[in-house]
>>> print(open('start_15.tsv').read())   # TSV, N, CA and C atoms
chain	number	residue	atom	x	y	z
G	190	MET	N	9.17	-10.30	17.83
G	190	MET	CA	10.53	-9.84	17.73
G	190	MET	C	11.43	-11.04	17.45
G	191	LEU	N	12.38	-10.88	16.56
G	191	LEU	CA	13.34	-11.93	16.24
G	191	LEU	C	14.40	-11.96	17.34
G	192	THR	N	14.35	-12.99	18.15
G	192	THR	CA	15.32	-13.13	19.22
G	192	THR	C	16.55	-13.86	18.72
G	193	PRO	N	17.67	-13.74	19.42
G	193	PRO	CA	18.85	-14.51	19.01
G	193	PRO	C	18.58	-16.01	18.96
G	194	ASN	N	17.78	-16.51	19.90
G	194	ASN	CA	17.47	-17.94	19.89
G	194	ASN	C	16.66	-18.34	18.67
G	195	ALA	N	15.70	-17.50	18.27
G	195	ALA	CA	14.90	-17.80	17.07
G	195	ALA	C	15.78	-17.78	15.83
G	196	LEU	N	16.68	-16.84	15.77
G	196	LEU	CA	17.59	-16.75	14.63
G	196	LEU	C	18.49	-17.98	14.58
G	197	LEU	N	19.03	-18.38	15.72
G	197	LEU	CA	19.86	-19.58	15.76
G	197	LEU	C	19.07	-20.82	15.38
G	198	LYS	N	17.82	-20.89	15.80
G	198	LYS	CA	16.98	-22.03	15.45
G	198	LYS	C	16.77	-22.09	13.94
G	199	MET	N	16.47	-20.94	13.33
G	199	MET	CA	16.26	-20.89	11.89
G	199	MET	C	17.51	-21.34	11.15
G	200	VAL	N	18.65	-20.79	11.56
G	200	VAL	CA	19.90	-21.10	10.87
G	200	VAL	C	20.28	-22.56	11.06
G	201	SER	N	20.03	-23.10	12.23
G	201	SER	CA	20.39	-24.50	12.47
G	201	SER	C	19.48	-25.45	11.70
G	202	LEU	N	18.23	-25.05	11.46
G	202	LEU	CA	17.32	-25.89	10.69
G	202	LEU	C	17.71	-25.95	9.21
G	203	LYS	N	18.22	-24.85	8.71
G	203	LYS	CA	18.59	-24.70	7.30
G	203	LYS	C	17.41	-24.88	6.36
G	204	THR	N	16.22	-24.92	6.90
G	204	THR	CA	15.02	-24.93	6.08
G	204	THR	C	13.89	-24.31	6.90
G	205	CYS	N	13.02	-23.61	6.23
G	205	CYS	CA	11.83	-23.08	6.87
G	205	CYS	C	10.73	-23.02	5.82
G	206	TYR	N	9.57	-22.65	6.23
G	206	TYR	CA	8.42	-22.60	5.33
G	206	TYR	C	7.90	-21.18	5.26
G	207	ILE	N	7.62	-20.75	4.05
G	207	ILE	CA	7.16	-19.39	3.80
G	207	ILE	C	5.68	-19.42	3.47
G	208	MET	N	4.91	-18.61	4.17
G	208	MET	CA	3.50	-18.40	3.85
G	208	MET	C	3.42	-17.11	3.05
G	209	LEU	N	2.94	-17.20	1.82
G	209	LEU	CA	2.75	-16.03	0.96
G	209	LEU	C	1.26	-15.75	0.88
G	210	ARG	N	0.84	-14.59	1.39
G	210	ARG	CA	-0.57	-14.22	1.37
G	210	ARG	C	-0.87	-13.31	0.18
G	211	SER	N	-2.02	-13.53	-0.45
G	211	SER	CA	-2.51	-12.66	-1.51
G	211	SER	C	-3.87	-12.13	-1.09
G	212	VAL	N	-4.04	-10.83	-1.17
G	212	VAL	CA	-5.29	-10.20	-0.78
G	212	VAL	C	-6.34	-10.47	-1.85
G	213	VAL	N	-7.51	-10.95	-1.40
G	213	VAL	CA	-8.63	-11.19	-2.32
G	213	VAL	C	-9.84	-10.31	-1.98
G	214	VAL	N	-9.99	-9.93	-0.71
G	214	VAL	CA	-11.09	-9.05	-0.30
G	214	VAL	C	-10.49	-7.97	0.61
G	215	PRO	N	-9.98	-6.88	0.01
G	215	PRO	CA	-9.31	-5.84	0.80
G	215	PRO	C	-10.16	-5.29	1.95
G	216	ALA	N	-11.45	-5.22	1.78
G	216	ALA	CA	-12.33	-4.65	2.81
G	216	ALA	C	-12.30	-5.46	4.10
G	217	ARG	N	-11.92	-6.72	4.04
G	217	ARG	CA	-11.90	-7.56	5.24
G	217	ARG	C	-10.59	-7.50	6.02
G	218	ILE	N	-9.58	-6.90	5.44
G	218	ILE	CA	-8.26	-6.86	6.08
G	218	ILE	C	-8.34	-6.15	7.43
G	219	HIS	N	-8.86	-4.96	7.45
G	219	HIS	CA	-8.88	-4.15	8.68
G	219	HIS	C	-9.62	-4.87	9.81
G	220	GLU	N	-10.77	-5.46	9.51
G	220	GLU	CA	-11.56	-6.09	10.58
G	220	GLU	C	-10.88	-7.32	11.16
G	221	ALA	N	-9.98	-7.97	10.42
G	221	ALA	CA	-9.30	-9.18	10.91
G	221	ALA	C	-7.91	-8.91	11.47
G	222	MET	N	-7.42	-7.68	11.35
G	222	MET	CA	-6.02	-7.39	11.68
G	222	MET	C	-5.67	-7.60	13.15
G	223	ASP	N	-6.52	-7.19	14.08
G	223	ASP	CA	-6.20	-7.41	15.50
G	223	ASP	C	-6.07	-8.89	15.81
G	224	ASP	N	-7.00	-9.69	15.31
G	224	ASP	CA	-6.94	-11.14	15.53
G	224	ASP	C	-5.71	-11.74	14.83
G	225	HIS	N	-5.38	-11.23	13.67
G	225	HIS	CA	-4.19	-11.69	12.95
G	225	HIS	C	-2.95	-11.44	13.80
G	226	HIS	N	-2.85	-10.24	14.39
G	226	HIS	CA	-1.69	-9.94	15.24
G	226	HIS	C	-1.64	-10.84	16.46
G	227	ARG	N	-2.78	-11.11	17.08
G	227	ARG	CA	-2.81	-12.03	18.23
G	227	ARG	C	-2.34	-13.42	17.82
G	228	TRP	N	-2.79	-13.88	16.64
G	228	TRP	CA	-2.37	-15.18	16.11
G	228	TRP	C	-0.85	-15.21	15.92
G	229	LEU	N	-0.30	-14.14	15.32
G	229	LEU	CA	1.15	-14.06	15.12
G	229	LEU	C	1.89	-14.09	16.45
G	230	TYR	N	1.46	-13.28	17.43
G	230	TYR	CA	2.14	-13.22	18.72
G	230	TYR	C	2.09	-14.57	19.43
G	231	GLN	N	0.98	-15.27	19.31
G	231	GLN	CA	0.87	-16.59	19.93
G	231	GLN	C	1.87	-17.57	19.31
G	232	LEU	N	1.90	-17.62	17.97
G	232	LEU	CA	2.84	-18.53	17.31
G	232	LEU	C	4.29	-18.12	17.57
G	233	GLU	N	4.54	-16.83	17.65
G	233	GLU	CA	5.89	-16.37	17.96
G	233	GLU	C	6.30	-16.84	19.36
G	234	SER	N	5.39	-16.75	20.32
G	234	SER	CA	5.70	-17.19	21.68
G	234	SER	C	5.94	-18.69	21.75
G	235	GLU	N	5.37	-19.43	20.80
G	235	GLU	CA	5.56	-20.88	20.73
G	235	GLU	C	6.79	-21.26	19.90
G	236	GLY	N	7.49	-20.26	19.37
G	236	GLY	CA	8.68	-20.52	18.57
G	236	GLY	C	8.39	-21.03	17.17
G	237	LYS	N	7.20	-20.75	16.65
G	237	LYS	CA	6.81	-21.27	15.33
G	237	LYS	C	6.90	-20.24	14.22
G	238	ILE	N	7.15	-18.98	14.57
G	238	ILE	CA	7.29	-17.92	13.56
G	238	ILE	C	8.66	-17.27	13.72
G	239	ILE	N	9.33	-17.11	12.60
G	239	ILE	CA	10.63	-16.46	12.59
G	239	ILE	C	10.47	-14.98	12.30
G	240	LEU	N	9.77	-14.66	11.23
G	240	LEU	CA	9.53	-13.28	10.80
G	240	LEU	C	8.18	-13.21	10.12
G	241	SER	N	7.57	-12.03	10.12
G	241	SER	CA	6.31	-11.85	9.41
G	241	SER	C	6.11	-10.37	9.11
G	242	GLY	N	5.48	-10.08	7.98
G	242	GLY	CA	5.17	-8.70	7.66
G	242	GLY	C	4.67	-8.53	6.25
G	243	PRO	N	4.19	-7.33	5.95
G	243	PRO	CA	3.65	-7.05	4.61
G	243	PRO	C	4.78	-6.72	3.63
G	244	THR	N	4.46	-6.84	2.36
G	244	THR	CA	5.36	-6.37	1.30
G	244	THR	C	4.66	-5.23	0.58
G	245	PHE	N	5.46	-4.45	-0.16
G	245	PHE	CA	4.93	-3.28	-0.86
G	245	PHE	C	5.46	-3.24	-2.28
G	246	LEU	N	4.65	-2.72	-3.16
G	246	LEU	CA	5.05	-2.54	-4.55
G	246	LEU	C	5.96	-1.32	-4.66
G	247	GLN	N	6.54	-1.12	-5.83
G	247	GLN	CA	7.47	-0.01	-6.03
G	247	GLN	C	6.81	1.34	-5.74
G	248	ASP	N	5.51	1.46	-5.99
G	248	ASP	CA	4.82	2.72	-5.72
G	248	ASP	C	4.38	2.84	-4.25
G	249	GLU	N	4.85	1.90	-3.41
G	249	GLU	CA	4.58	1.86	-1.98
G	249	GLU	C	3.16	1.42	-1.62
G	250	SER	N	2.40	0.95	-2.58
G	250	SER	CA	1.09	0.41	-2.26
G	250	SER	C	1.25	-1.00	-1.66
G	251	PRO	N	0.39	-1.36	-0.70
G	251	PRO	CA	0.50	-2.67	-0.06
G	251	PRO	C	0.30	-3.80	-1.06
G	252	ASP	N	1.02	-4.88	-0.81
G	252	ASP	CA	0.91	-6.06	-1.67
G	252	ASP	C	0.68	-7.28	-0.78
G	253	ALA	N	1.45	-8.29	-0.93
G	253	ALA	CA	1.28	-9.55	-0.21
G	253	ALA	C	1.84	-9.48	1.20
G	254	GLY	N	1.49	-10.47	2.00
G	254	GLY	CA	2.09	-10.65	3.31
G	254	GLY	C	2.95	-11.90	3.28
G	255	VAL	N	4.00	-11.90	4.09
G	255	VAL	CA	4.92	-13.03	4.15
G	255	VAL	C	5.15	-13.41	5.60
G	256	THR	N	5.09	-14.71	5.89
G	256	THR	CA	5.41	-15.22	7.21
G	256	THR	C	6.36	-16.40	7.06
G	257	LEU	N	7.43	-16.42	7.84
G	257	LEU	CA	8.36	-17.54	7.86
G	257	LEU	C	8.06	-18.39	9.08
G	258	PHE	N	7.70	-19.65	8.81
G	258	PHE	CA	7.38	-20.60	9.88
G	258	PHE	C	8.54	-21.54	10.15
G	259	VAL	N	8.65	-21.95	11.39
G	259	VAL	CA	9.44	-23.12	11.75
G	259	VAL	C	8.42	-24.26	11.76
G	260	ALA	N	8.55	-25.18	10.81
G	260	ALA	CA	7.60	-26.28	10.70
G	260	ALA	C	8.35	-27.52	10.24
G	261	LYS	N	7.80	-28.68	10.56
G	261	LYS	CA	8.50	-29.93	10.21
G	261	LYS	C	8.28	-30.33	8.76
G	262	ASP	N	7.16	-29.87	8.16
G	262	ASP	CA	6.88	-30.22	6.77
G	262	ASP	C	5.78	-29.30	6.23
G	263	PHE	N	5.43	-29.50	4.96
G	263	PHE	CA	4.39	-28.67	4.33
G	263	PHE	C	3.07	-28.74	5.09
G	264	GLU	N	2.70	-29.95	5.51
G	264	GLU	CA	1.41	-30.12	6.18
G	264	GLU	C	1.36	-29.34	7.49
G	265	HIS	N	2.46	-29.37	8.23
G	265	HIS	CA	2.51	-28.62	9.49
G	265	HIS	C	2.40	-27.12	9.22
G	266	ALA	N	3.14	-26.63	8.22
G	266	ALA	CA	3.07	-25.20	7.87
G	266	ALA	C	1.67	-24.81	7.43
G	267	GLU	N	1.05	-25.66	6.63
G	267	GLU	CA	-0.31	-25.36	6.18
G	267	GLU	C	-1.30	-25.36	7.34
G	268	ALA	N	-1.11	-26.28	8.28
G	268	ALA	CA	-2.00	-26.33	9.46
G	268	ALA	C	-1.89	-25.04	10.27
G	269	LEU	N	-0.70	-24.45	10.32
G	269	LEU	CA	-0.54	-23.17	11.00
G	269	LEU	C	-1.21	-22.06	10.19
G	270	ALA	N	-0.99	-22.06	8.88
G	270	ALA	CA	-1.48	-20.98	8.01
G	270	ALA	C	-3.00	-20.91	7.95
G	271	VAL	N	-3.67	-22.04	7.94
G	271	VAL	CA	-5.13	-22.01	7.79
G	271	VAL	C	-5.82	-21.39	8.99
G	272	ARG	N	-5.10	-21.26	10.11
G	272	ARG	CA	-5.68	-20.64	11.32
G	272	ARG	C	-5.49	-19.12	11.35
G	273	ASP	N	-4.76	-18.58	10.38
G	273	ASP	CA	-4.55	-17.13	10.32
G	273	ASP	C	-5.91	-16.45	10.15
G	274	PRO	N	-6.28	-15.53	11.02
G	274	PRO	CA	-7.56	-14.84	10.89
G	274	PRO	C	-7.74	-14.11	9.56
G	275	LEU	N	-6.66	-13.69	8.93
G	275	LEU	CA	-6.81	-13.09	7.60
G	275	LEU	C	-7.29	-14.13	6.59
G	276	VAL	N	-6.89	-15.37	6.80
G	276	VAL	CA	-7.34	-16.47	5.94
G	276	VAL	C	-8.77	-16.86	6.29
G	277	THR	N	-9.05	-17.07	7.58
G	277	THR	CA	-10.38	-17.52	7.98
G	277	THR	C	-11.45	-16.48	7.68
G	278	SER	N	-11.07	-15.20	7.64
G	278	SER	CA	-12.04	-14.15	7.31
G	278	SER	C	-12.32	-14.06	5.81
G	279	GLY	N	-11.50	-14.74	5.02
G	279	GLY	CA	-11.66	-14.67	3.57
G	279	GLY	C	-10.96	-13.47	2.95
G	280	ALA	N	-10.20	-12.71	3.75
G	280	ALA	CA	-9.50	-11.53	3.23
G	280	ALA	C	-8.35	-11.90	2.31
G	281	VAL	N	-7.68	-13.03	2.62
G	281	VAL	CA	-6.52	-13.45	1.84
G	281	VAL	C	-6.59	-14.94	1.52
G	282	THR	N	-5.84	-15.31	0.51
G	282	THR	CA	-5.52	-16.71	0.25
G	282	THR	C	-4.03	-16.84	0.51
G	283	PHE	N	-3.54	-18.08	0.51
G	283	PHE	CA	-2.11	-18.25	0.78
G	283	PHE	C	-1.55	-19.42	0.00
G	284	GLN	N	-0.24	-19.40	-0.11
G	284	GLN	CA	0.53	-20.52	-0.63
G	284	GLN	C	1.67	-20.76	0.34
G	285	ILE	N	2.11	-22.01	0.44
G	285	ILE	CA	3.25	-22.37	1.28
G	285	ILE	C	4.39	-22.80	0.38
G	286	ARG	N	5.59	-22.34	0.71
G	286	ARG	CA	6.81	-22.72	0.01
G	286	ARG	C	7.84	-23.16	1.05
G	287	ARG	N	8.57	-24.23	0.73
G	287	ARG	CA	9.70	-24.63	1.57
G	287	ARG	C	10.92	-23.85	1.09
G	288	TRP	N	11.68	-23.29	2.04
G	288	TRP	CA	12.84	-22.49	1.71
G	288	TRP	C	14.07	-23.14	2.32
G	289	GLU	N	14.96	-23.58	1.46
G	289	GLU	CA	16.23	-24.13	1.91
G	289	GLU	C	17.23	-23.00	2.03
G	290	LEU	N	17.82	-22.88	3.19
G	290	LEU	CA	18.80	-21.82	3.43
G	290	LEU	C	20.18	-22.36	3.04
G	291	LYS	N	20.76	-21.79	1.99
G	291	LYS	CA	22.02	-22.29	1.44
G	291	LYS	C	23.19	-21.34	1.65
G	292	GLU	N	22.98	-20.06	1.49
G	292	GLU	CA	24.07	-19.10	1.54
G	292	GLU	C	23.67	-17.90	2.38
G	293	GLY	N	24.68	-17.22	2.88
G	293	GLY	CA	24.46	-15.99	3.62
G	293	GLY	C	25.36	-15.89	4.84
G	294	ILE	N	25.50	-14.69	5.35
G	294	ILE	CA	26.44	-14.47	6.44
G	294	ILE	C	25.99	-15.13	7.75
G	295	LEU	N	24.71	-15.46	7.86
G	295	LEU	CA	24.22	-16.08	9.10
G	295	LEU	C	24.42	-17.58	9.11
G	296	LEU	N	24.74	-18.16	7.98
G	296	LEU	CA	24.90	-19.61	7.90
G	296	LEU	C	26.35	-20.00	8.12
G	297	ALA	N	26.56	-20.89	9.05
G	297	ALA	CA	27.92	-21.38	9.32
G	297	ALA	C	28.35	-22.27	8.17
G	298	LYS	N	29.56	-22.13	7.76
G	298	LYS	CA	30.10	-22.96	6.65
G	298	LYS	C	30.76	-24.18	7.21
>>> encode(input="start_15.tsv", output="structure tokens")
Amino acid sequence: MLTPNALLKMVSLKTCYIMLRSVVVPARIHEAMDDHHRWLYQLESEGKIILSGPTFLQDESPDAGVTLFVAKDFEHAEALAVRDPLVTSGAVTFQIRRWELKEGILLAK
């Protein structure tokens, strides 16, 4: 759950790291999902995840997954991402992107 403190932390950092998952072996998704959720909840309790969830195509079919990390750099974000059970099971691959927060109602001017 996105708490007010997590939101304030994200906004004060003005940068975060995005993990973009791409499914490569759909059959492995279901078997890794419980462990994936445990991994997410653990990182959330440590204050390392801001938001996470799946994306969908226009026809509502599942597509990629996205996770926003609080991390100090690319290497730190990647070290978190490689432990994702969806990754370790071979169900998905991932890419990391740094996201600079520049505009929006949550950012103080």
>>> atom_distance(input="start_15.tsv", atom1="atom N of Val276 (chain G)", atom2="atom N of Leu246 (chain G)")
19.8 Å
>>> residues_near_point(input="start_15.tsv", point="(-8.9, -11.4, 12.2)", cutoff="8 Å", atoms="only N, CA and C atoms", output="compact mmCIF listing (two decimals) with N, CA and C atoms, keeping the file's coordinate frame")
# COMPACT_ATOMS: atom_id res chain seq x y z
N ARG G 217 -11.92 -6.72 4.04
CA ARG G 217 -11.90 -7.56 5.24
C ARG G 217 -10.59 -7.50 6.02
N ILE G 218 -9.58 -6.90 5.44
CA ILE G 218 -8.26 -6.86 6.08
C ILE G 218 -8.34 -6.15 7.43
N HIS G 219 -8.86 -4.96 7.45
CA HIS G 219 -8.88 -4.15 8.68
C HIS G 219 -9.62 -4.87 9.81
N GLU G 220 -10.77 -5.46 9.51
CA GLU G 220 -11.56 -6.09 10.58
C GLU G 220 -10.88 -7.32 11.16
N ALA G 221 -9.98 -7.97 10.42
CA ALA G 221 -9.30 -9.18 10.91
C ALA G 221 -7.91 -8.91 11.47
N MET G 222 -7.42 -7.68 11.35
CA MET G 222 -6.02 -7.39 11.68
C MET G 222 -5.67 -7.60 13.15
N ASP G 223 -6.52 -7.19 14.08
CA ASP G 223 -6.20 -7.41 15.50
C ASP G 223 -6.07 -8.89 15.81
N ASP G 224 -7.00 -9.69 15.31
CA ASP G 224 -6.94 -11.14 15.53
C ASP G 224 -5.71 -11.74 14.83
N HIS G 225 -5.38 -11.23 13.67
CA HIS G 225 -4.19 -11.69 12.95
C HIS G 225 -2.95 -11.44 13.80
N HIS G 226 -2.85 -10.24 14.39
CA HIS G 226 -1.69 -9.94 15.24
C HIS G 226 -1.64 -10.84 16.46
N ARG G 227 -2.78 -11.11 17.08
CA ARG G 227 -2.81 -12.03 18.23
C ARG G 227 -2.34 -13.42 17.82
N TRP G 228 -2.79 -13.88 16.64
CA TRP G 228 -2.37 -15.18 16.11
C TRP G 228 -0.85 -15.21 15.92
N ASP G 273 -4.76 -18.58 10.38
CA ASP G 273 -4.55 -17.13 10.32
C ASP G 273 -5.91 -16.45 10.15
N PRO G 274 -6.28 -15.53 11.02
CA PRO G 274 -7.56 -14.84 10.89
C PRO G 274 -7.74 -14.11 9.56
N LEU G 275 -6.66 -13.69 8.93
CA LEU G 275 -6.81 -13.09 7.60
C LEU G 275 -7.29 -14.13 6.59
N VAL G 276 -6.89 -15.37 6.80
CA VAL G 276 -7.34 -16.47 5.94
C VAL G 276 -8.77 -16.86 6.29
N THR G 277 -9.05 -17.07 7.58
CA THR G 277 -10.38 -17.52 7.98
C THR G 277 -11.45 -16.48 7.68
N SER G 278 -11.07 -15.20 7.64
CA SER G 278 -12.04 -14.15 7.31
C SER G 278 -12.32 -14.06 5.81
>>> select_by_dssp(input="start_15.tsv", residues="chain G", states="strand (DSSP E or B)", output="PyMOL selection string")
chain G and resi 204-212+238-245+251-258+281-289
>>> residues_near_point(input="start_15.tsv", point="(7.5, -16.9, 9.4)", cutoff="6.5 Å", atoms="only N, CA and C atoms", output="PyMOL selection string")
chain G and resi 206-208+237-241+255-259
>>> closest_residue(input="start_15.tsv", among="G:Ala280, G:Ala266, G:Glu233, G:Arg287", to="Ser211 (chain G)", atoms="only C-alpha atoms")
G:Ala280
>>> atom_distance(input="start_15.tsv", atom1="CA of Ala253 (chain G)", atom2="atom N of Arg210 (chain G)")
5.3 Å
>>> closest_residue(input="start_15.tsv", among="G:Arg286, G:Arg272, G:His265, G:Lys291", to="Leu209 (chain G)", atoms="all atoms listed in the file")
G:Arg286
>>> closest_residue(input="start_15.tsv", among="G:Thr244, G:Val212, G:Thr204, G:Gly236", to="Val281 (chain G)", atoms="only C-alpha atoms")
G:Val212
>>> select_by_dssp(input="start_15.tsv", residues="region 205-297 of chain G", states="helix (DSSP H, G or I)", output="PyMOL selection string")
chain G and resi 215-234+263-270+274-277
>>> atom_distance(input="start_15.tsv", atom1="CA of Pro251 (chain G)", atom2="CA of Glu292 (chain G)")
28.8 Å
>>> axis_aligned_box(input="start_15.tsv", around="region 225-231 of chain G", padding_each_side="4 Å", output="lines of an AutoDock Vina configuration file")
center_x = -1.6
center_y = -13.8
center_z = 16.4
size_x = 15.5
size_y = 15.6
size_z = 15.0
